[in-house]
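Trainee: This one is data-v2.cif, mmCIF, C-alpha atoms and all ligand atoms; chains and numbers go by the auth columns.
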data_protein
loop_
_atom_site.group_PDB
_atom_site.id
_atom_site.type_symbol
_atom_site.label_atom_id
_atom_site.label_comp_id
_atom_site.label_asym_id
_atom_site.label_seq_id
_atom_site.Cartn_x
_atom_site.Cartn_y
_atom_site.Cartn_z
_atom_site.B_iso_or_equiv
_atom_site.auth_seq_id
_atom_site.auth_asym_id
ATOM 1 C CA MET A 1 -16.279 11.247 -10.085 0.00 1 A
ATOM 2 C CA THR A 2 -13.534 13.866 -9.852 0.00 2 A
ATOM 3 C CA GLN A 3 -13.609 16.526 -12.548 0.00 3 A
ATOM 4 C CA GLN A 4 -11.221 19.329 -13.415 0.00 4 A
ATOM 5 C CA ARG A 5 -14.007 21.937 -13.416 0.00 5 A
ATOM 6 C CA PRO A 6 -16.770 20.776 -11.137 0.00 6 A
ATOM 7 C CA ARG A 7 -20.178 22.385 -11.447 0.00 7 A
ATOM 8 C CA VAL A 8 -21.726 24.030 -8.408 0.00 8 A
ATOM 9 C CA ARG A 9 -25.486 24.351 -8.541 0.00 9 A
ATOM 10 C CA PHE A 10 -27.150 26.874 -6.241 0.00 10 A
ATOM 11 C CA VAL A 11 -30.730 25.657 -5.958 0.00 11 A
ATOM 12 C CA LEU A 12 -32.220 28.857 -4.511 0.00 12 A
ATOM 13 C CA ASP A 13 -30.709 31.037 -7.230 0.00 13 A
ATOM 14 C CA ASP A 14 -31.206 28.544 -10.083 0.00 14 A
ATOM 15 C CA LEU A 15 -27.539 29.250 -10.811 0.00 15 A
ATOM 16 C CA ASP A 16 -24.767 26.945 -12.101 0.00 16 A
ATOM 17 C CA VAL A 17 -21.102 27.882 -11.778 0.00 17 A
ATOM 18 C CA ASP A 18 -18.134 25.857 -13.080 0.00 18 A
ATOM 19 C CA VAL A 19 -15.144 26.224 -10.779 0.00 19 A
ATOM 20 C CA PRO A 20 -11.519 25.077 -10.633 0.00 20 A
ATOM 21 C CA LEU A 21 -10.991 21.859 -8.689 0.00 21 A
ATOM 22 C CA GLY A 22 -10.470 22.522 -5.003 0.00 22 A
ATOM 23 C CA THR A 23 -12.163 25.929 -4.954 0.00 23 A
ATOM 24 C CA ARG A 24 -13.660 26.852 -1.614 0.00 24 A
ATOM 25 C CA LEU A 25 -17.425 27.447 -1.651 0.00 25 A
ATOM 26 C CA ILE A 26 -16.936 30.811 0.002 0.00 26 A
ATOM 27 C CA GLU A 27 -14.886 31.952 -3.010 0.00 27 A
ATOM 28 C CA VAL A 28 -17.582 30.795 -5.446 0.00 28 A
ATOM 29 C CA VAL A 29 -20.291 32.676 -3.582 0.00 29 A
ATOM 30 C CA ASP A 30 -18.194 35.840 -3.410 0.00 30 A
ATOM 31 C CA VAL A 31 -17.599 35.806 -7.180 0.00 31 A
ATOM 32 C CA ALA A 32 -20.983 34.516 -8.397 0.00 32 A
ATOM 33 C CA GLY A 33 -23.127 36.461 -5.955 0.00 33 A
ATOM 34 C CA ALA A 34 -25.141 33.407 -4.943 0.00 34 A
ATOM 35 C CA ASP A 35 -27.591 33.673 -2.072 0.00 35 A
ATOM 36 C CA VAL A 36 -25.481 32.246 0.755 0.00 36 A
ATOM 37 C CA THR A 37 -24.727 34.579 3.640 0.00 37 A
ATOM 38 C CA PHE A 38 -21.506 34.403 5.643 0.00 38 A
ATOM 39 C CA GLY A 39 -20.800 35.843 9.055 0.00 39 A
ATOM 40 C CA CYS A 40 -17.619 34.810 10.850 0.00 40 A
ATOM 41 C CA ARG A 41 -16.144 32.893 7.884 0.00 41 A
ATOM 42 C CA ASN A 42 -14.298 30.626 10.298 0.00 42 A
ATOM 43 C CA GLY A 43 -16.849 27.994 11.289 0.00 43 A
ATOM 44 C CA THR A 44 -18.143 29.458 14.530 0.00 44 A
ATOM 45 C CA CYS A 45 -21.457 31.240 13.807 0.00 45 A
ATOM 46 C CA GLY A 46 -23.579 28.929 11.607 0.00 46 A
ATOM 47 C CA THR A 47 -24.778 31.701 9.294 0.00 47 A
ATOM 48 C CA CYS A 48 -23.480 29.828 6.248 0.00 48 A
ATOM 49 C CA ARG A 49 -25.276 26.541 6.999 0.00 49 A
ATOM 50 C CA VAL A 50 -26.167 24.782 3.742 0.00 50 A
ATOM 51 C CA ARG A 51 -27.859 21.551 2.712 0.00 51 A
ATOM 52 C CA ILE A 52 -26.019 19.429 0.186 0.00 52 A
ATOM 53 C CA VAL A 53 -28.740 18.259 -2.191 0.00 53 A
ATOM 54 C CA GLU A 54 -26.287 16.205 -4.277 0.00 54 A
ATOM 55 C CA GLY A 55 -22.560 15.582 -4.210 0.00 55 A
ATOM 56 C CA MET A 56 -21.701 15.345 -0.506 0.00 56 A
ATOM 57 C CA ASN A 57 -18.835 12.992 -1.364 0.00 57 A
ATOM 58 C CA ASN A 58 -17.394 15.635 -3.719 0.00 58 A
ATOM 59 C CA LEU A 59 -16.600 18.014 -0.854 0.00 59 A
ATOM 60 C CA SER A 60 -13.576 18.162 1.418 0.00 60 A
ATOM 61 C CA LYS A 61 -14.210 16.243 4.636 0.00 61 A
ATOM 62 C CA PRO A 62 -15.397 18.163 7.704 0.00 62 A
ATOM 63 C CA THR A 63 -12.856 18.938 10.383 0.00 63 A
ATOM 64 C CA PRO A 64 -13.590 17.683 13.903 0.00 64 A
ATOM 65 C CA GLU A 65 -14.473 21.275 14.807 0.00 65 A
ATOM 66 C CA GLU A 66 -17.048 21.516 11.999 0.00 66 A
ATOM 67 C CA ARG A 67 -18.505 18.118 12.940 0.00 67 A
ATOM 68 C CA ASP A 68 -18.825 19.195 16.576 0.00 68 A
ATOM 69 C CA PHE A 69 -20.433 22.502 15.643 0.00 69 A
ATOM 70 C CA LEU A 70 -22.959 20.854 13.308 0.00 70 A
ATOM 71 C CA ALA A 71 -23.772 18.313 16.012 0.00 71 A
ATOM 72 C CA ALA A 72 -24.417 21.152 18.462 0.00 72 A
ATOM 73 C CA LEU A 73 -26.821 22.651 15.895 0.00 73 A
ATOM 74 C CA GLU A 74 -28.515 19.247 15.579 0.00 74 A
ATOM 75 C CA ALA A 75 -27.857 19.477 11.856 0.00 75 A
ATOM 76 C CA ARG A 76 -28.920 16.719 9.512 0.00 76 A
ATOM 77 C CA PRO A 77 -26.252 14.515 7.903 0.00 77 A
ATOM 78 C CA ASP A 78 -26.657 16.390 4.603 0.00 78 A
ATOM 79 C CA GLU A 79 -25.728 19.762 6.109 0.00 79 A
ATOM 80 C CA ARG A 80 -22.358 21.542 6.094 0.00 80 A
ATOM 81 C CA LEU A 81 -20.948 24.924 6.948 0.00 81 A
ATOM 82 C CA GLY A 82 -20.451 26.758 3.668 0.00 82 A
ATOM 83 C CA CYS A 83 -17.291 28.506 4.849 0.00 83 A
ATOM 84 C CA GLN A 84 -15.565 25.239 5.695 0.00 84 A
ATOM 85 C CA PHE A 85 -15.321 23.108 2.561 0.00 85 A
ATOM 86 C CA SER A 86 -13.778 22.987 -0.866 0.00 86 A
ATOM 87 C CA ILE A 87 -15.247 21.477 -4.009 0.00 87 A
ATOM 88 C CA HIS A 88 -13.842 18.389 -5.735 0.00 88 A
ATOM 89 C CA GLY A 89 -16.740 17.359 -7.985 0.00 89 A
ATOM 90 C CA ASP A 90 -20.260 18.370 -8.978 0.00 90 A
ATOM 91 C CA VAL A 91 -22.410 19.547 -6.107 0.00 91 A
ATOM 92 C CA SER A 92 -25.876 20.989 -5.621 0.00 92 A
ATOM 93 C CA ILE A 93 -26.375 23.331 -2.674 0.00 93 A
ATOM 94 C CA ASP A 94 -29.396 24.764 -0.888 0.00 94 A
ATOM 95 C CA TYR A 95 -28.938 27.595 1.607 0.00 95 A
ATOM 96 C CA ILE A 96 -30.426 27.153 5.077 0.00 96 A
ATOM 97 C CA GLY A 97 -28.760 29.806 7.238 0.00 97 A
ATOM 98 C CA SER A 98 -28.633 29.863 11.025 0.00 98 A
HETATM 99 S S1 LIG B . -19.714 32.000 8.214 0.00 101 A
HETATM 100 FE FE1 LIG B . -19.787 31.539 10.348 0.00 101 A
HETATM 101 S S2 LIG B . -19.818 29.370 10.390 0.00 101 A
HETATM 102 FE FE2 LIG B . -19.526 29.854 8.284 0.00 101 A
#
Starting from the file, lay out its structure as structure tokens.

Mentor:
Amino acid sequence: MTQQRPRVRFVLDDLDVDVPLGTRLIEVVDVAGADVTFGCRNGTCGTCRVRIVEGMNNLSKPTPEERDFLAALEARPDERLGCQFSIHGDVSIDYIGS
């Protein structure tokens, strides 16, 4: 369900942050100080690899480039690059890294 202020749960940090609809995860992490590390910030290094524990359908869809990169990493279907998506509903995130 779409909400005006989705809740982002960072599992590792035991931290919940309510954000404006459409906020990019990278912005949330920068402000909240959650434990997700970014490198390139443009989808080419894999440092920001996260597992979506809940709410995969509440994220912006992956670009073909992100899909290809995750496939090259042999990522599971519940993984995304944290620098590549925005938030459109409640989501729970676990950091994996590269
Ligand atoms: S920070 Fe490099 S892929 Fe996201």

Trainee: Set the cut-off to 10 Å, count only C-alpha atoms and all ligand atoms, and list whatever residues fall near ligand LIG 101 (chain A) as a PyMOL selection string.

Mentor: chain A and resi 26+36-50+66+69-70+80-85+97-98

Trainee: Just want the 9 Å neighbourhood of A:Leu59, counted on all atoms listed in the file, with same-chain residues fewer than 6 positions away dropped. Output as a short mmCIF file (atom, residue, chain, number, x, y, z; two decimals) with C-alpha atoms, keeping the file's coordinate frame.

Mentor:
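Output file part.cif follows:
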data_model
loop_
_atom_site.label_atom_id
_atom_site.label_comp_id
_atom_site.auth_asym_id
_atom_site.auth_seq_id
_atom_site.Cartn_x
_atom_site.Cartn_y
_atom_site.Cartn_z
CA GLY A 22 -10.47 22.52 -5.00
CA PHE A 85 -15.32 23.11 2.56
CA SER A 86 -13.78 22.99 -0.87
CA ILE A 87 -15.25 21.48 -4.01
CA HIS A 88 -13.84 18.39 -5.74
CA GLY A 89 -16.74 17.36 -7.98
CA ASP A 90 -20.26 18.37 -8.98
CA VAL A 91 -22.41 19.55 -6.11
#

Trainee: Atom CA of A:Asp30 and atom CA of A:Asp68, how far apart in Å?

Mentor: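 Value for the atom CA of A:Asp68-atom CA of A:Asp30 distance: 26.0 Å.
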
Trainee: Can you turn the PyMOL selection byres (((chain A and resi 14) around 12) and not hetatm) into a concrete residue list for this file, as a PyMOL selection string?

Mentor: chain A and resi 8-13+15-17+32+34-35+92-95

Trainee: Could you tell me how far atom CA of A:Ile96 sits from atom CA of A:Arg76, in Å to one decimal place?

Mentor: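 Spanning atom CA of A:Arg76 to atom CA of A:Ile96 is a straight-line distance of 11.4 Å.
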
Trainee: Please write as a count of residues only the list of polymer residues whose atoms come within 12 Å of (-22.0, 12.1, 1.3), counting all atoms listed in the file and keeping to the coordinates of the file.

Mentor: 20

Trainee: Report, in Å to a single decimal, how far apart atom CA of A:Glu27 and atom CA of A:Gln4 are.

Mentor: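 Here the two named atoms are 16.8 Å from each other.
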
Trainee: Translate the PyMOL selection byres (((chain A and resi 6) around 6) and not hetatm), as applied to the file shown, into an explicit residue set as a list in words.

Mentor: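 For this structure, the PyMOL selection byres (((chain A and resi 6) around 6) and not hetatm) resolves to Gln3, Arg5, Arg7, Asp18, Val19, Gly89 and Asp90 of chain A.
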
Trainee: Grab all the atoms of stretch 71-80 of chain A that the file lists, wrap them in a box along x, y and z, add 5 Å per side, and give me centre plus edge lengths in Å (one decimal) as AutoDock Vina command-line options.

Mentor:
--center_x -25.6 --center_y 18.6 --center_z 11.5 --size_x 16.6 --size_y 18.1 --size_z 23.9

Trainee: Missing atoms in stretch 51-80 of chain A: fill them in up to N, CA and C atoms and send the result as an mmCIF file, in the frame of the given file.

Mentor:
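Okay, result_0.cif is ready:
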data_model
loop_
_atom_site.group_PDB
_atom_site.id
_atom_site.type_symbol
_atom_site.label_atom_id
_atom_site.label_comp_id
_atom_site.auth_asym_id
_atom_site.auth_seq_id
_atom_site.Cartn_x
_atom_site.Cartn_y
_atom_site.Cartn_z
ATOM 1 N N ARG A 51 -27.498 22.954 2.914
ATOM 2 C CA ARG A 51 -27.859 21.551 2.712
ATOM 3 C C ARG A 51 -27.278 21.099 1.383
ATOM 4 N N ILE A 52 -26.606 19.973 1.408
ATOM 5 C CA ILE A 52 -26.019 19.429 0.186
ATOM 6 C C ILE A 52 -27.056 18.516 -0.457
ATOM 7 N N VAL A 53 -27.671 19.003 -1.516
ATOM 8 C CA VAL A 53 -28.740 18.259 -2.191
ATOM 9 C C VAL A 53 -28.153 17.061 -2.935
ATOM 10 N N GLU A 54 -27.015 17.275 -3.583
ATOM 11 C CA GLU A 54 -26.287 16.205 -4.277
ATOM 12 C C GLU A 54 -24.801 16.487 -4.167
ATOM 13 N N GLY A 55 -24.002 15.431 -4.112
ATOM 14 C CA GLY A 55 -22.560 15.582 -4.210
ATOM 15 C C GLY A 55 -21.812 15.707 -2.893
ATOM 16 N N MET A 56 -22.388 15.240 -1.797
ATOM 17 C CA MET A 56 -21.701 15.345 -0.506
ATOM 18 C C MET A 56 -20.292 14.751 -0.564
ATOM 19 N N ASN A 57 -20.149 13.649 -1.297
ATOM 20 C CA ASN A 57 -18.835 12.992 -1.364
ATOM 21 C C ASN A 57 -17.840 13.764 -2.221
ATOM 22 N N ASN A 58 -18.287 14.823 -2.885
ATOM 23 C CA ASN A 58 -17.394 15.635 -3.719
ATOM 24 C C ASN A 58 -16.845 16.848 -2.977
ATOM 25 N N LEU A 59 -17.088 16.898 -1.670
ATOM 26 C CA LEU A 59 -16.600 18.014 -0.854
ATOM 27 C C LEU A 59 -15.445 17.553 0.023
ATOM 28 N N SER A 60 -14.597 18.500 0.436
ATOM 29 C CA SER A 60 -13.576 18.162 1.418
ATOM 30 C C SER A 60 -14.268 17.694 2.699
ATOM 31 N N LYS A 61 -13.610 16.823 3.425
ATOM 32 C CA LYS A 61 -14.210 16.243 4.636
ATOM 33 C C LYS A 61 -14.284 17.304 5.749
ATOM 34 N N PRO A 62 -15.305 17.207 6.592
ATOM 35 C CA PRO A 62 -15.397 18.163 7.704
ATOM 36 C C PRO A 62 -14.279 17.946 8.725
ATOM 37 N N THR A 63 -13.816 19.030 9.282
ATOM 38 C CA THR A 63 -12.856 18.938 10.383
ATOM 39 C C THR A 63 -13.609 18.486 11.638
ATOM 40 N N PRO A 64 -12.907 18.011 12.643
ATOM 41 C CA PRO A 64 -13.590 17.683 13.903
ATOM 42 C C PRO A 64 -14.345 18.887 14.462
ATOM 43 N N GLU A 65 -13.804 20.073 14.302
ATOM 44 C CA GLU A 65 -14.473 21.275 14.807
ATOM 45 C C GLU A 65 -15.794 21.514 14.074
ATOM 46 N N GLU A 66 -15.798 21.339 12.739
ATOM 47 C CA GLU A 66 -17.048 21.516 11.999
ATOM 48 C C GLU A 66 -18.058 20.443 12.404
ATOM 49 N N ARG A 67 -17.602 19.205 12.524
ATOM 50 C CA ARG A 67 -18.505 18.118 12.940
ATOM 51 C C ARG A 67 -19.135 18.422 14.300
ATOM 52 N N ASP A 68 -18.317 18.890 15.230
ATOM 53 C CA ASP A 68 -18.825 19.195 16.576
ATOM 54 C C ASP A 68 -19.834 20.337 16.524
ATOM 55 N N PHE A 69 -19.532 21.349 15.721
ATOM 56 C CA PHE A 69 -20.433 22.502 15.643
ATOM 57 C C PHE A 69 -21.764 22.099 15.018
ATOM 58 N N LEU A 70 -21.722 21.318 13.941
ATOM 59 C CA LEU A 70 -22.959 20.854 13.308
ATOM 60 C C LEU A 70 -23.761 19.958 14.254
ATOM 61 N N ALA A 71 -23.069 19.158 15.036
ATOM 62 C CA ALA A 71 -23.772 18.313 16.012
ATOM 63 C C ALA A 71 -24.475 19.175 17.048
ATOM 64 N N ALA A 72 -23.813 20.243 17.477
ATOM 65 C CA ALA A 72 -24.417 21.152 18.462
ATOM 66 C C ALA A 72 -25.654 21.842 17.878
ATOM 67 N N LEU A 73 -25.662 22.053 16.571
ATOM 68 C CA LEU A 73 -26.821 22.651 15.895
ATOM 69 C C LEU A 73 -27.919 21.621 15.613
ATOM 70 N N GLU A 74 -27.619 20.358 15.914
ATOM 71 C CA GLU A 74 -28.515 19.247 15.579
ATOM 72 C C GLU A 74 -28.796 19.222 14.082
ATOM 73 N N ALA A 75 -27.751 19.463 13.312
ATOM 74 C CA ALA A 75 -27.857 19.477 11.856
ATOM 75 C C ALA A 75 -28.080 18.071 11.322
ATOM 76 N N ARG A 76 -28.723 17.999 10.184
ATOM 77 C CA ARG A 76 -28.920 16.719 9.512
ATOM 78 C C ARG A 76 -27.606 16.288 8.862
ATOM 79 N N PRO A 77 -27.499 15.003 8.507
ATOM 80 C CA PRO A 77 -26.252 14.515 7.903
ATOM 81 C C PRO A 77 -25.920 15.172 6.559
ATOM 82 N N ASP A 78 -26.921 15.763 5.905
ATOM 83 C CA ASP A 78 -26.657 16.390 4.603
ATOM 84 C C ASP A 78 -26.346 17.885 4.724
ATOM 85 N N GLU A 79 -26.032 18.344 5.918
ATOM 86 C CA GLU A 79 -25.728 19.762 6.109
ATOM 87 C C GLU A 79 -24.238 19.985 6.351
ATOM 88 N N ARG A 80 -23.751 21.129 5.879
ATOM 89 C CA ARG A 80 -22.358 21.542 6.094
ATOM 90 C C ARG A 80 -22.331 23.035 6.362
#
